[in-house]
Number of protein chains: 2
Amino acid sequence: MPSTTFFNLPEAKRTIIETAAIREFAAHGFEGAGVNAIVAGAGIAKGSFYQYFADKADLFQHVLTLVQRKKLSLASSLPPTANSRDIFAYLRWLFQMELLFELREPELARIEHHAYLQEPDNPRVMGGPEYFNDLLTQGLLHEDLAPYVDTLLAANVLGGVFHALGRYLVPRLEDRAAAIIEGSVPITEEPLAQSLLDNLMEILEAGLARDPAIRKEFFPK
Amino acid sequence: MPSTTFFNLPEAKRTIIETAAIREFAAHGFEGAGVNAIVAGAGIAKGSFYQYFADKADLFQHVLTLVQRKKLSLASSLPPTANSRDIFAYLRWLFQMELLFELREPELARIEHHAYLQEPDNPRVMGGPEYFNDLLTQGLLHEDLAPYVDTLLAANVLGGVFHALGRYLVPRLEDRAAAIIEGSVPITEEPLAQSLLDNLMEILEAGLARDPAIRKEFFPK
DNA sequence: GTACAATATGACCGTTTAGTCATTTTCCTG
DNA sequence: CAGGAAAATGACTAAACGGTCATATTGTAC
């Protein structure tokens with residue numbers, strides 16, 4: 001954990017340091033990131049850095065909490081799902097938030113994807129298998145889910161999609177991305193973004209096959 | 001590309017060097033890997049290393065070709081799909097190969113997942129969006145795919161699942177993994193592995209929802 | 001203004017880094 | 001065995017690394 005000295009800093013200065021750290025970690029990952037580069041980027045002295053943080057890992061953990069915080073704030077900026085008991089409505093909402101996160105904070109998203117690869121089950125990383133497994137288990141109770149679905153397996157499918165998709169959806173939005181990023185058009189009303197999310201949910205819900213009901217005969221439970 | 005000197009090396013020595021490189025890259029990623037650690041691990045002199053490779057990146061590219069080669073060899077060891085025109089049968093075969101790859105060569109798999117995160121569209125990395133998109137487009141032509149599916153989107157879904165799943169399936173196999181790794185039981189006849197693959201294909205084909213046909217009314221095209 | 005604590009600083013530490021190169025050893029050919 | 005090519009070597013750079021610390025500056029309380 002960063003020292004109290006760090007938290008006593010004027011917010012502007014703290015932000016400068018955090019921004020420099022985020023840029024470095026996003027560009028080079030934890031192992032490749034350099035403390036020298038961070039202090040240079042932030043315009044502070046090396047000694048100051050070590051008054052704020054015990055070491056590089058300490059700073060990295062702090063950055064991960066920033067990721068969490070940013071996600072939370074994005075989540076509260078999005079209107080909640082109408083039917084909170086519908087697992088697929090919630091999943092759609094979750095992916096929408098992830099997309100918004102990737103648009104607004106691409107560097108934070110990149111850091112999180114890295115962390116997910118390193119340790120998928122780290123509780124600091126959202127969208128891990130455990131998270132989705134809890135969600136899906138609830139879905140089983142609520143009878144939203146097909147009973148033959150292996151929830152742990154499905155949770156990992158969702159985790160993989162969750163962390164891979166942002167990278168793809170952002171370029172796919174092309175020139176519409178700017179309006180969402182700057183906030184002039186809420187993501188909930190951007191037609192292309194909504195259409196992509198609809199299509200994603202169709203794939204997750206109904207699968208890829210033309211006629212799942214027929215195909216299922218080939219793979220009976 | 002490594003020098004001819006490297007390829008003239010007796011195979012045993014080459015393998016020692018490649019093994020040390022693979023271990024280091026898998027453990028620390030490209031940026032975190034150290035040339036010193038590799039030469040120490042391989043038991044060769046620093047100068048020899050630079051007679052073989054132009055620099056660290058050169059070696060890394062070579063390791064990526066080893067990944068490709070190993071996959072190819074695994075692929076040819078697996079019986080081809082019965083119906084080559086069935087896109088889902090082929091997908092299942094592909095995931096089976098990926099699972100086998102992760103079992104037999106966990107370090108190579110880790111390196112590939114890292115590379116996928118860094119640059120998903122690198123043609124040296126298998127299972128990228130482009131690969132699956134070609135596949136799915138064929139599927140559209142063959143009418144295996146539901147017509148409403150956005151193939152580029154689906155390709156990224158598959159890519160995400162493809163690279164996330166190995167990490168999960170291997171521990172899931174628990175004590176059955178050993179037999180597959182050592183080769184005493186072919187993966188095609190390991191019941192748990194086959195059952196997991198079946199379940200995965202059900203999710204991809206038929207989706208997660210209890211009744212996709214009904215649910216689709218909520219998300220009409 | 002004085003005193004004391006909190007904060008900021010950059011020179012410095014030992015270590016490690018990627019990469020070089022003059023020299024030596026090994027190997028093959030005649 | 002001679003000679004020349006190919007390969008192996010590790011001491012050596014210059015730079016960068018993470019981390020330390022004595023000193024200097026700033027802010028605060030009286």
# chains A, B, ... in the order shown; residues from 1 in each chain; ligands from 1
$ residues_around --residues "DA16 in chain D" --least-positions-apart "6" --cutoff "9 Å" --atoms "only C-alpha atoms (C1' of nucleotides)" --output "VMD selection string"
(chain A and resid 36) or (chain C and resid 16 to 17)
$ closest_atom_pairs --of "chain A" --to "chain D" --cutoff "12 Å" --atoms "only C-alpha atoms (C1' of nucleotides)" --output "tab-separated table"
residue	atom	partner	partner_atom	distance
A:Glu31	CA	D:DC17	C1'	11.7
A:Gly32	CA	D:DC17	C1'	10.9
A:Ala33	CA	D:DC17	C1'	10.6
A:Gly34	CA	D:DC17	C1'	7.9
A:Val35	CA	D:DG18	C1'	7.3
A:Asn36	CA	D:DC17	C1'	8.3
A:Ala37	CA	D:DA16	C1'	10.4
A:Lys46	CA	D:DG19	C1'	9.3
A:Gly47	CA	D:DT20	C1'	8.4
A:Ser48	CA	D:DT20	C1'	11.7
A:Phe49	CA	D:DG19	C1'	10.4
A:Tyr50	CA	D:DG19	C1'	8.1
A:Gln51	CA	D:DT20	C1'	11.1
A:Phe53	CA	D:DG19	C1'	11.3
A:Ala54	CA	D:DG19	C1'	9.6
A:Asp55	CA	D:DG19	C1'	8.2
A:Lys56	CA	D:DG18	C1'	8.3
A:Ala57	CA	D:DG18	C1'	11.2
$ write_last_selection --atoms "N, CA and C atoms" --output "PDB file, in the first residue's frame"
ATOM      1  N   GLU A  31       6.662  -6.484 -15.536  1.00  0.00           N
ATOM      2  CA  GLU A  31       8.084  -6.823 -15.526  1.00  0.00           C
ATOM      3  C   GLU A  31       8.899  -5.864 -16.380  1.00  0.00           C
ATOM      4  N   GLY A  32       8.308  -5.425 -17.485  1.00  0.00           N
ATOM      5  CA  GLY A  32       9.053  -4.556 -18.388  1.00  0.00           C
ATOM      6  C   GLY A  32       9.033  -3.099 -17.988  1.00  0.00           C
ATOM      7  N   ALA A  33       8.139  -2.722 -17.111  1.00  0.00           N
ATOM      8  CA  ALA A  33       8.030  -1.316 -16.721  1.00  0.00           C
ATOM      9  C   ALA A  33       9.231  -0.902 -15.875  1.00  0.00           C
ATOM     10  N   GLY A  34       9.667   0.343 -16.039  1.00  0.00           N
ATOM     11  CA  GLY A  34      10.819   0.833 -15.301  1.00  0.00           C
ATOM     12  C   GLY A  34      10.457   1.957 -14.347  1.00  0.00           C
ATOM     13  N   VAL A  35      10.971   1.866 -13.132  1.00  0.00           N
ATOM     14  CA  VAL A  35      10.721   2.928 -12.162  1.00  0.00           C
ATOM     15  C   VAL A  35      11.324   4.240 -12.663  1.00  0.00           C
ATOM     16  N   ASN A  36      12.497   4.165 -13.260  1.00  0.00           N
ATOM     17  CA  ASN A  36      13.128   5.366 -13.799  1.00  0.00           C
ATOM     18  C   ASN A  36      12.229   6.057 -14.813  1.00  0.00           C
ATOM     19  N   ALA A  37      11.638   5.266 -15.699  1.00  0.00           N
ATOM     20  CA  ALA A  37      10.769   5.836 -16.719  1.00  0.00           C
ATOM     21  C   ALA A  37       9.558   6.504 -16.076  1.00  0.00           C
ATOM     22  N   LYS A  46      13.577  10.506  -7.929  1.00  0.00           N
ATOM     23  CA  LYS A  46      13.580   9.092  -7.580  1.00  0.00           C
ATOM     24  C   LYS A  46      13.276   8.898  -6.102  1.00  0.00           C
ATOM     25  N   GLY A  47      13.910   9.715  -5.287  1.00  0.00           N
ATOM     26  CA  GLY A  47      13.713   9.602  -3.843  1.00  0.00           C
ATOM     27  C   GLY A  47      12.265   9.804  -3.439  1.00  0.00           C
ATOM     28  N   SER A  48      11.601  10.721  -4.111  1.00  0.00           N
ATOM     29  CA  SER A  48      10.190  10.967  -3.799  1.00  0.00           C
ATOM     30  C   SER A  48       9.368   9.718  -4.046  1.00  0.00           C
ATOM     31  N   PHE A  49       9.665   9.080  -5.172  1.00  0.00           N
ATOM     32  CA  PHE A  49       8.925   7.857  -5.520  1.00  0.00           C
ATOM     33  C   PHE A  49       8.931   6.873  -4.363  1.00  0.00           C
ATOM     34  N   TYR A  50      10.130   6.706  -3.770  1.00  0.00           N
ATOM     35  CA  TYR A  50      10.246   5.703  -2.719  1.00  0.00           C
ATOM     36  C   TYR A  50       9.769   6.225  -1.364  1.00  0.00           C
ATOM     37  N   GLN A  51       9.363   7.484  -1.322  1.00  0.00           N
ATOM     38  CA  GLN A  51       8.626   7.945  -0.138  1.00  0.00           C
ATOM     39  C   GLN A  51       7.141   7.621  -0.293  1.00  0.00           C
ATOM     40  N   PHE A  53       5.952   4.907  -2.440  1.00  0.00           N
ATOM     41  CA  PHE A  53       5.706   3.480  -2.637  1.00  0.00           C
ATOM     42  C   PHE A  53       6.878   2.665  -2.098  1.00  0.00           C
ATOM     43  N   ALA A  54       6.545   1.511  -1.554  1.00  0.00           N
ATOM     44  CA  ALA A  54       7.589   0.631  -1.020  1.00  0.00           C
ATOM     45  C   ALA A  54       8.468   0.127  -2.162  1.00  0.00           C
ATOM     46  N   ASP A  55       7.860  -0.213  -3.262  1.00  0.00           N
ATOM     47  CA  ASP A  55       8.612  -0.694  -4.419  1.00  0.00           C
ATOM     48  C   ASP A  55       7.700  -0.691  -5.638  1.00  0.00           C
ATOM     49  N   LYS A  56       8.200  -1.231  -6.719  1.00  0.00           N
ATOM     50  CA  LYS A  56       7.444  -1.227  -7.972  1.00  0.00           C
ATOM     51  C   LYS A  56       6.139  -2.009  -7.830  1.00  0.00           C
ATOM     52  N   ALA A  57       6.207  -3.129  -7.132  1.00  0.00           N
ATOM     53  CA  ALA A  57       5.008  -3.960  -6.974  1.00  0.00           C
ATOM     54  C   ALA A  57       3.928  -3.216  -6.198  1.00  0.00           C
TER      55      ALA A  57
END
$ closest_residue --among "A:Arg210, A:Arg23, A:Arg85, A:Arg167" --to "chain B" --atoms "only C-alpha atoms"
A:Arg210
$ interface_residues --of "chain C" --to "chain A" --cutoff "10 Å" --atoms "only C-alpha atoms (C1' of nucleotides)" --output "ChimeraX atom specification"
/C:6-10
$ write_last_selection --atoms "N, CA and C atoms (P, O5', C5', C4', C3', O3' and C1' of nucleotides)" --output "compact mmCIF listing (two decimals), in the first residue's frame"
# COMPACT_ATOMS: atom_id res chain seq x y z
P DA C 6 5.78 14.42 11.07
O5' DA C 6 5.63 14.93 9.56
C5' DA C 6 4.74 16.00 9.27
C4' DA C 6 4.90 16.40 7.83
C3' DA C 6 4.98 15.23 6.85
O3' DA C 6 4.15 15.52 5.74
C1' DA C 6 6.87 16.63 6.58
P DT C 7 3.97 14.50 4.59
O5' DT C 7 4.99 15.03 3.49
C5' DT C 7 4.87 16.37 3.03
C4' DT C 7 6.05 16.73 2.20
C3' DT C 7 6.31 15.82 1.01
O3' DT C 7 6.16 16.60 -0.17
C1' DT C 7 8.31 16.40 2.11
P DA C 8 6.29 15.98 -1.58
O5' DA C 8 7.77 16.40 -2.01
C5' DA C 8 8.13 17.78 -2.01
C4' DA C 8 9.58 17.91 -2.43
C3' DA C 8 9.97 17.06 -3.65
O3' DA C 8 10.59 17.91 -4.60
C1' DA C 8 11.46 16.67 -1.86
P DT C 9 11.03 17.38 -5.98
O5' DT C 9 12.55 17.04 -5.72
C5' DT C 9 13.42 18.08 -5.28
C4' DT C 9 14.78 17.52 -4.97
C3' DT C 9 15.32 16.61 -6.07
O3' DT C 9 16.34 17.29 -6.76
C1' DT C 9 15.77 15.79 -3.87
P DG C 10 16.44 17.16 -8.35
O5' DG C 10 17.85 16.45 -8.50
C5' DG C 10 18.97 16.99 -7.81
C4' DG C 10 19.94 15.89 -7.47
C3' DG C 10 20.28 14.93 -8.64
O3' DG C 10 21.61 14.49 -8.49
C1' DG C 10 19.45 13.70 -6.88
$ closest_atom_pairs --of "chain B" --to "chain A" --cutoff "6 Å" --atoms "only C-alpha atoms" --output "JSON lines"
{"residue": "B:Glu31", "atom": "CA", "partner": "A:Gly32", "partner_atom": "CA", "distance": 5.1}
{"residue": "B:Gly32", "atom": "CA", "partner": "A:Glu31", "partner_atom": "CA", "distance": 5.1}
{"residue": "B:Asp144", "atom": "CA", "partner": "A:Arg210", "partner_atom": "CA", "distance": 5.9}
{"residue": "B:Leu145", "atom": "CA", "partner": "A:Arg210", "partner_atom": "CA", "distance": 4.9}
{"residue": "B:Ala146", "atom": "CA", "partner": "A:Arg210", "partner_atom": "CA", "distance": 3.7}
{"residue": "B:Val157", "atom": "CA", "partner": "A:Val161", "partner_atom": "CA", "distance": 5.4}
{"residue": "B:Gly160", "atom": "CA", "partner": "A:Gly160", "partner_atom": "CA", "distance": 4.8}
{"residue": "B:Val161", "atom": "CA", "partner": "A:Gly160", "partner_atom": "CA", "distance": 4.9}
{"residue": "B:Ala164", "atom": "CA", "partner": "A:Gly160", "partner_atom": "CA", "distance": 5.0}
{"residue": "B:Leu204", "atom": "CA", "partner": "A:Gly207", "partner_atom": "CA", "distance": 5.1}
{"residue": "B:Glu205", "atom": "CA", "partner": "A:Gly207", "partner_atom": "CA", "distance": 4.4}
{"residue": "B:Ala206", "atom": "CA", "partner": "A:Gly207", "partner_atom": "CA", "distance": 4.3}
{"residue": "B:Gly207", "atom": "CA", "partner": "A:Gly207", "partner_atom": "CA", "distance": 3.7}
{"residue": "B:Leu208", "atom": "CA", "partner": "A:Glu205", "partner_atom": "CA", "distance": 4.8}
{"residue": "B:Ala209", "atom": "CA", "partner": "A:Glu205", "partner_atom": "CA", "distance": 4.9}
{"residue": "B:Arg210", "atom": "CA", "partner": "A:Ala146", "partner_atom": "CA", "distance": 3.7}
{"residue": "B:Pro212", "atom": "CA", "partner": "A:Ala206", "partner_atom": "CA", "distance": 4.8}
$ atom_distance --atom1 "CA of Arg176 in chain B" --atom2 "CA of Glu102 in chain B"
14.0 Å
$ atom_distance --atom1 "CA of Glu24 in chain A" --atom2 "CA of Glu130 in chain B"
29.2 Å
$ atom_distance --atom1 "CA of Val63 in chain B" --atom2 "CA of Ser77 in chain B"
21.2 Å
$ residues_around --residues "Pro186 in chain B" --least-positions-apart "4" --cutoff "12 Å" --atoms "only C-alpha atoms (C1' of nucleotides)" --output "ChimeraX atom specification"
/B:74,77-79,96-97,100,103,176-182,190-194
$ select_by_dssp --residues "range 80-110 of chain A" --states "alpha helix (DSSP H)" --output "JSON, numbers by chain"
{"A": [87, 88, 89, 90, 91, 92, 93, 94, 95, 96, 97, 98, 99, 100, 101, 102, 103, 104, 106, 107, 108, 109, 110]}
